[in-house]
file run00.cif (mmCIF, C-alpha atoms)
data_upload
#
loop_
_atom_site.label_atom_id
_atom_site.label_comp_id
_atom_site.auth_asym_id
_atom_site.auth_seq_id
_atom_site.Cartn_x
_atom_site.Cartn_y
_atom_site.Cartn_z
CA MET A 1 -47.06 42.65 77.54
CA SER A 2 -46.63 46.40 77.13
CA PRO A 3 -45.52 47.75 73.74
CA SER A 4 -42.07 49.29 73.59
CA ILE A 5 -40.30 51.97 71.64
CA THR A 6 -36.64 51.91 70.57
CA ILE A 7 -34.51 55.05 70.90
CA ASN A 8 -30.91 55.46 69.83
CA TYR A 9 -29.09 57.97 72.01
CA GLN A 10 -25.39 58.78 72.35
CA GLY A 11 -24.28 55.50 70.82
CA ALA A 12 -26.61 53.32 72.89
CA THR A 13 -29.95 51.72 72.05
CA TYR A 14 -32.77 51.82 74.60
CA THR A 15 -35.98 49.81 74.43
CA LEU A 16 -38.58 51.59 76.56
CA PRO A 17 -42.00 50.19 77.56
CA TYR A 18 -44.82 52.65 77.08
CA ALA A 19 -48.57 53.21 77.02
CA ILE A 20 -50.66 55.75 75.13
CA ILE A 21 -53.61 57.55 76.69
CA ARG A 22 -55.70 59.39 74.11
CA SER A 23 -58.23 62.01 75.16
CA LYS A 24 -59.85 65.26 74.02
CA ARG A 25 -56.85 67.20 75.25
CA LYS A 26 -55.09 69.45 72.73
CA THR A 27 -51.57 69.15 74.09
CA TYR A 28 -49.00 66.38 74.43
CA ALA A 29 -47.49 65.20 77.72
CA ILE A 30 -44.99 62.51 78.70
CA SER A 31 -44.60 60.99 82.15
CA ILE A 32 -42.55 58.11 83.53
CA LYS A 33 -43.99 55.85 86.25
CA GLU A 34 -42.11 54.33 89.16
CA ASP A 35 -41.78 51.02 87.29
CA ALA A 36 -39.98 52.96 84.50
CA SER A 37 -42.81 52.59 81.99
CA ILE A 38 -43.61 55.65 79.93
CA ILE A 39 -47.03 57.20 79.39
CA PHE A 40 -47.79 59.43 76.40
CA ARG A 41 -50.92 61.55 76.92
CA VAL A 42 -52.00 62.74 73.49
CA PRO A 43 -55.00 64.10 71.54
CA LEU A 44 -57.55 61.55 70.30
CA HIS A 45 -56.38 61.16 66.70
CA THR A 46 -52.64 60.94 67.36
CA SER A 47 -51.06 58.07 65.44
CA GLU A 48 -48.37 55.64 66.64
CA ARG A 49 -46.01 57.28 64.19
CA GLN A 50 -46.61 60.69 65.75
CA VAL A 51 -45.93 59.22 69.19
CA ALA A 52 -42.65 57.78 67.92
CA GLN A 53 -41.75 61.19 66.48
CA LEU A 54 -42.56 62.84 69.83
CA ALA A 55 -40.32 60.33 71.59
CA GLU A 56 -37.51 61.11 69.17
CA GLU A 57 -37.89 64.86 69.70
CA LYS A 58 -37.87 64.44 73.49
CA LYS A 59 -35.31 61.64 73.67
CA HIS A 60 -32.79 63.61 75.75
CA TRP A 61 -35.41 64.21 78.46
CA LEU A 62 -36.79 60.69 78.14
CA ILE A 63 -33.50 58.85 78.49
CA LYS A 64 -32.23 61.09 81.29
CA HIS A 65 -35.32 60.57 83.45
CA TYR A 66 -35.72 56.91 82.45
CA LEU A 67 -32.20 56.12 83.67
CA GLU A 68 -32.76 58.10 86.90
CA ILE A 69 -35.90 56.11 87.70
CA CYS A 70 -34.21 52.81 86.83
CA ALA A 71 -31.36 53.70 89.19
CA LYS A 72 -33.82 54.46 92.01
CA LYS A 73 -35.72 51.26 91.28
CA ASN A 74 -32.56 49.16 91.47
CA SER A 75 -31.39 50.84 94.68
CA ARG A 76 -34.53 50.05 96.67
CA PRO A 77 -33.73 48.16 99.85
CA VAL A 78 -34.52 44.45 100.03
CA SER A 79 -36.08 43.61 103.39
CA GLY A 80 -35.91 39.83 103.26
CA LEU A 81 -39.43 39.58 104.70
CA SER A 82 -41.73 36.83 103.51
CA ALA A 83 -45.02 37.69 101.78
CA VAL A 84 -46.92 36.80 104.97
CA GLN A 85 -44.64 38.98 107.10
CA LYS A 86 -44.96 41.90 104.68
CA SER A 87 -48.73 41.60 104.67
CA ALA A 88 -48.91 41.56 108.47
CA LEU A 89 -46.52 44.49 108.80
CA GLU A 90 -48.37 46.48 106.15
CA LYS A 91 -51.63 45.91 108.03
CA ARG A 92 -50.09 47.28 111.22
CA TYR A 93 -48.70 50.36 109.45
CA LYS A 94 -52.09 51.06 107.87
CA GLU A 95 -53.80 50.79 111.25
CA ALA A 96 -51.23 53.16 112.75
CA ALA A 97 -51.72 55.58 109.84
CA ARG A 98 -55.49 55.69 110.44
CA SER A 99 -54.93 57.15 113.89
CA TYR A 100 -51.66 59.05 113.52
CA ILE A 101 -52.32 60.94 110.27
CA PRO A 102 -55.74 62.33 111.31
CA ALA A 103 -54.09 63.59 114.51
CA ARG A 104 -51.48 65.46 112.47
CA VAL A 105 -54.22 66.81 110.18
CA ALA A 106 -56.13 68.10 113.22
CA TYR A 107 -53.01 69.79 114.56
CA TYR A 108 -52.08 71.58 111.33
CA HIS A 109 -55.68 72.35 110.33
CA SER A 110 -55.80 74.93 113.11
CA LEU A 111 -52.94 76.70 111.30
CA THR A 112 -54.02 76.33 107.67
CA GLY A 113 -57.78 76.76 107.82
CA GLY A 114 -60.09 75.48 105.11
CA ILE A 115 -62.83 72.86 105.37
CA TYR A 116 -62.40 69.12 104.87
CA HIS A 117 -65.03 66.43 105.26
CA ARG A 118 -63.10 63.20 105.59
CA ILE A 119 -59.66 61.62 105.60
CA CYS A 120 -58.79 58.50 103.61
CA ILE A 121 -55.71 56.31 104.02
CA ARG A 122 -54.84 54.76 100.68
CA ASP A 123 -52.35 52.45 99.02
CA GLN A 124 -51.34 54.81 96.23
CA LYS A 125 -48.41 53.88 94.02
CA THR A 126 -47.32 57.30 92.81
CA ARG A 127 -48.93 59.90 95.08
CA TRP A 128 -48.25 60.77 98.70
CA GLY A 129 -51.44 62.72 99.20
CA SER A 130 -54.33 64.42 97.47
CA CYS A 131 -57.17 66.82 98.18
CA SER A 132 -60.42 66.56 96.26
CA GLY A 133 -62.71 69.43 95.38
CA LYS A 134 -65.26 67.91 97.79
CA GLY A 135 -62.88 68.23 100.73
CA THR A 136 -61.60 64.67 100.95
CA LEU A 137 -57.99 64.41 102.09
CA SER A 138 -56.19 61.23 101.03
CA PHE A 139 -52.81 60.06 102.28
CA ASN A 140 -50.52 57.20 101.36
CA TRP A 141 -49.98 54.86 104.33
CA ARG A 142 -46.31 54.53 103.30
CA LEU A 143 -45.77 57.99 104.75
CA MET A 144 -45.54 56.12 108.05
CA LEU A 145 -42.20 54.80 106.80
CA ALA A 146 -40.87 58.34 106.29
CA PRO A 147 -39.39 60.65 108.94
CA PRO A 148 -42.23 62.37 110.88
CA ALA A 149 -41.24 65.77 109.50
CA ILE A 150 -41.77 64.53 105.95
CA LEU A 151 -45.23 63.21 106.79
CA ASP A 152 -46.05 66.57 108.35
CA TYR A 153 -45.02 68.34 105.14
CA VAL A 154 -47.44 66.23 103.07
CA VAL A 155 -50.22 66.92 105.58
CA VAL A 156 -49.62 70.68 105.36
CA HIS A 157 -49.38 70.49 101.55
CA GLU A 158 -52.79 68.85 101.23
CA LEU A 159 -54.43 71.06 103.84
CA CYS A 160 -53.29 74.15 101.95
CA HIS A 161 -55.07 72.78 98.88
CA LEU A 162 -58.35 73.28 100.73
CA THR A 163 -57.96 77.01 100.06
CA HIS A 164 -55.68 76.89 97.00
CA MET A 165 -56.62 74.09 94.57
CA ASN A 166 -53.48 74.64 92.52
CA HIS A 167 -49.74 75.11 92.89
CA SER A 168 -49.76 78.86 92.47
CA PRO A 169 -47.34 81.21 94.27
CA ALA A 170 -50.13 81.88 96.78
CA PHE A 171 -50.35 78.15 97.51
CA TRP A 172 -46.62 77.80 98.16
CA GLN A 173 -46.69 80.93 100.34
CA ALA A 174 -49.42 79.29 102.42
CA VAL A 175 -47.36 76.11 102.74
CA GLU A 176 -44.24 78.06 103.70
CA SER A 177 -46.08 80.07 106.34
CA VAL A 178 -46.86 76.84 108.20
CA TYR A 179 -43.94 74.65 107.12
CA PRO A 180 -40.93 76.88 106.29
CA ASP A 181 -38.65 73.95 105.41
CA TYR A 182 -40.98 72.59 102.71
CA ARG A 183 -38.34 72.77 99.95
CA ASN A 184 -36.07 70.31 101.74
CA ALA A 185 -39.04 68.03 102.45
CA ARG A 186 -40.01 68.01 98.76
CA LYS A 187 -36.41 67.25 97.84
CA TRP A 188 -36.26 64.40 100.36
CA LEU A 189 -39.41 62.80 98.97
CA LYS A 190 -38.13 63.09 95.43
CA GLU A 191 -34.81 61.49 96.33
CA HIS A 192 -35.97 58.90 98.86
CA GLY A 193 -39.67 58.30 98.24
CA ALA A 194 -38.97 55.13 96.25
CA GLU A 195 -37.25 53.69 99.34
CA LEU A 196 -40.44 53.77 101.42
CA VAL A 197 -41.29 50.13 100.88
CA LEU A 198 -41.46 47.04 103.08
#

call {"tool": "encode", "arguments": {"input": "run00.cif", "output": "structure tokens"}}
result
Amino acid sequence: MSPSITINYQGATYTLPYAIIRSKRKTYAISIKEDASIIFRVPLHTSERQVAQLAEEKKHWLIKHYLEICAKKNSRPVSGLSAVQKSALEKRYKEAARSYIPARVAYYHSLTGGIYHRICIRDQKTRWGSCSGKGTLSFNWRLMLAPPAILDYVVVHELCHLTHMNHSPAFWQAVESVYPDYRNARKWLKEHGAELVL
């Protein structure tokens, strides 16, 4: 069972599950996963007390985003499919993704440039796509559940990382030159990404 932290905010008490990841980093970072659990990324010698203090200092941000994610989680559609049906349907979507997504990559690659070496279709929980420094493009098969234009945006996004391995202004200019409506696509994924489930 995950540990939890208690925060009092605006007259209410919230008990939030969390995990701590300690590393050689010098800065502190907080993120909230799709299951509403919280991750504190902290320097190696950070104590539990310091983590609790960080949570208290950032409680406005924490509670706001925690409640938003809980609302999205609770609004996910219920399909009524059995486990066997879900497994069979998921298999078919993955097979479709292995042919459809590379075709979209090939189409947009002629517009973005860069060099990639392979394409992977993955079952990622929190990412829609990624581009490694070795030129591997990875895509979440659940993009097949999104409108085609949204899938295309993710393809363009990752292809542009072949020449810009960051999210600098130059990167976003490259994305916009190929996919001008990228802002609306990003917004759609943020608002509806959690609904892309079977």

call {"tool": "resolve_selection", "arguments": {"input": "run00.cif", "expression": "the PyMOL selection byres ((chain A and resi 120-124) around 10)", "output": "ChimeraX atom specification"}}
result
/A:94-95,97-99,101-102,118-119,125-130,136-142

call {"tool": "closest_residue", "arguments": {"input": "run00.cif", "among": "A:Met144, A:Ala149, A:Lys86, A:Thr112", "to": "Gln173 in chain A", "atoms": "only C-alpha atoms"}}
result
A:Thr112

call {"tool": "resolve_selection", "arguments": {"input": "run00.cif", "expression": "the PyMOL selection byres ((chain A and resi 186-192) around 12)", "output": "PDB file with C-alpha atoms, in the frame of the given file"}}
result
ATOM      1  CA  GLU A  34     -42.110  54.330  89.160  1.00  0.00           C
ATOM      2  CA  GLU A  68     -32.760  58.100  86.900  1.00  0.00           C
ATOM      3  CA  ILE A  69     -35.900  56.110  87.700  1.00  0.00           C
ATOM      4  CA  ALA A  71     -31.360  53.700  89.190  1.00  0.00           C
ATOM      5  CA  LYS A  72     -33.820  54.460  92.010  1.00  0.00           C
ATOM      6  CA  LYS A  73     -35.720  51.260  91.280  1.00  0.00           C
ATOM      7  CA  SER A  75     -31.390  50.840  94.680  1.00  0.00           C
ATOM      8  CA  ARG A  76     -34.530  50.050  96.670  1.00  0.00           C
ATOM      9  CA  PRO A  77     -33.730  48.160  99.850  1.00  0.00           C
ATOM     10  CA  THR A 126     -47.320  57.300  92.810  1.00  0.00           C
ATOM     11  CA  ARG A 127     -48.930  59.900  95.080  1.00  0.00           C
ATOM     12  CA  TRP A 128     -48.250  60.770  98.700  1.00  0.00           C
ATOM     13  CA  ARG A 142     -46.310  54.530 103.300  1.00  0.00           C
ATOM     14  CA  LEU A 143     -45.770  57.990 104.750  1.00  0.00           C
ATOM     15  CA  LEU A 145     -42.200  54.800 106.800  1.00  0.00           C
ATOM     16  CA  ALA A 146     -40.870  58.340 106.290  1.00  0.00           C
ATOM     17  CA  PRO A 147     -39.390  60.650 108.940  1.00  0.00           C
ATOM     18  CA  ALA A 149     -41.240  65.770 109.500  1.00  0.00           C
ATOM     19  CA  ILE A 150     -41.770  64.530 105.950  1.00  0.00           C
ATOM     20  CA  LEU A 151     -45.230  63.210 106.790  1.00  0.00           C
ATOM     21  CA  ASP A 152     -46.050  66.570 108.350  1.00  0.00           C
ATOM     22  CA  TYR A 153     -45.020  68.340 105.140  1.00  0.00           C
ATOM     23  CA  VAL A 154     -47.440  66.230 103.070  1.00  0.00           C
ATOM     24  CA  VAL A 156     -49.620  70.680 105.360  1.00  0.00           C
ATOM     25  CA  HIS A 157     -49.380  70.490 101.550  1.00  0.00           C
ATOM     26  CA  TRP A 172     -46.620  77.800  98.160  1.00  0.00           C
ATOM     27  CA  VAL A 175     -47.360  76.110 102.740  1.00  0.00           C
ATOM     28  CA  GLU A 176     -44.240  78.060 103.700  1.00  0.00           C
ATOM     29  CA  TYR A 179     -43.940  74.650 107.120  1.00  0.00           C
ATOM     30  CA  PRO A 180     -40.930  76.880 106.290  1.00  0.00           C
ATOM     31  CA  ASP A 181     -38.650  73.950 105.410  1.00  0.00           C
ATOM     32  CA  TYR A 182     -40.980  72.590 102.710  1.00  0.00           C
ATOM     33  CA  ARG A 183     -38.340  72.770  99.950  1.00  0.00           C
ATOM     34  CA  ASN A 184     -36.070  70.310 101.740  1.00  0.00           C
ATOM     35  CA  ALA A 185     -39.040  68.030 102.450  1.00  0.00           C
ATOM     36  CA  GLY A 193     -39.670  58.300  98.240  1.00  0.00           C
ATOM     37  CA  ALA A 194     -38.970  55.130  96.250  1.00  0.00           C
ATOM     38  CA  GLU A 195     -37.250  53.690  99.340  1.00  0.00           C
ATOM     39  CA  LEU A 196     -40.440  53.770 101.420  1.00  0.00           C
ATOM     40  CA  VAL A 197     -41.290  50.130 100.880  1.00  0.00           C
TER      41      VAL A 197
END

call {"tool": "closest_residue", "arguments": {"input": "run00.cif", "among": "A:Tyr9, A:Tyr66, A:Tyr14, A:Trp61", "to": "Lys33 in chain A", "atoms": "only C-alpha atoms"}}
result
A:Tyr66

call {"tool": "atom_distance", "arguments": {"input": "run00.cif", "atom1": "CA of Gly114 in chain A", "atom2": "CA of Asn166 in chain A"}}
result
14.2 Å

call {"tool": "closest_residue", "arguments": {"input": "run00.cif", "among": "A:Ile20, A:Ala106, A:Leu162, A:Ile63", "to": "Ala174 in chain A", "atoms": "all atoms listed in the file"}}
result
A:Leu162

call {"tool": "closest_residue", "arguments": {"input": "run00.cif", "among": "A:Pro43, A:Gln53, A:Ala19, A:Leu198", "to": "Leu89 in chain A", "atoms": "only C-alpha atoms"}}
result
A:Leu198

call {"tool": "closest_residue", "arguments": {"input": "run00.cif", "among": "A:Leu44, A:Cys131, A:Ala29, A:Leu54", "to": "Ile5 in chain A", "atoms": "all atoms listed in the file"}}
result
A:Leu54

call {"tool": "closest_residue", "arguments": {"input": "run00.cif", "among": "A:Glu90, A:Cys160, A:Thr27, A:Arg22", "to": "Ser47 in chain A", "atoms": "all atoms listed in the file"}}
result
A:Arg22

call {"tool": "resolve_selection", "arguments": {"input": "run00.cif", "expression": "the PyMOL selection byres ((chain A and resi 18) around 12)", "output": "PyMOL selection string"}}
result
chain A and resi 1-6+15-17+19-21+30-33+35-41+48+51-52+55+62+66

call {"tool": "atom_distance", "arguments": {"input": "run00.cif", "atom1": "CA of Tyr108 in chain A", "atom2": "CA of Arg92 in chain A"}}
result
24.4 Å

call {"tool": "atom_distance", "arguments": {"input": "run00.cif", "atom1": "CA of Leu111 in chain A", "atom2": "CA of Lys134 in chain A"}}
result
20.3 Å
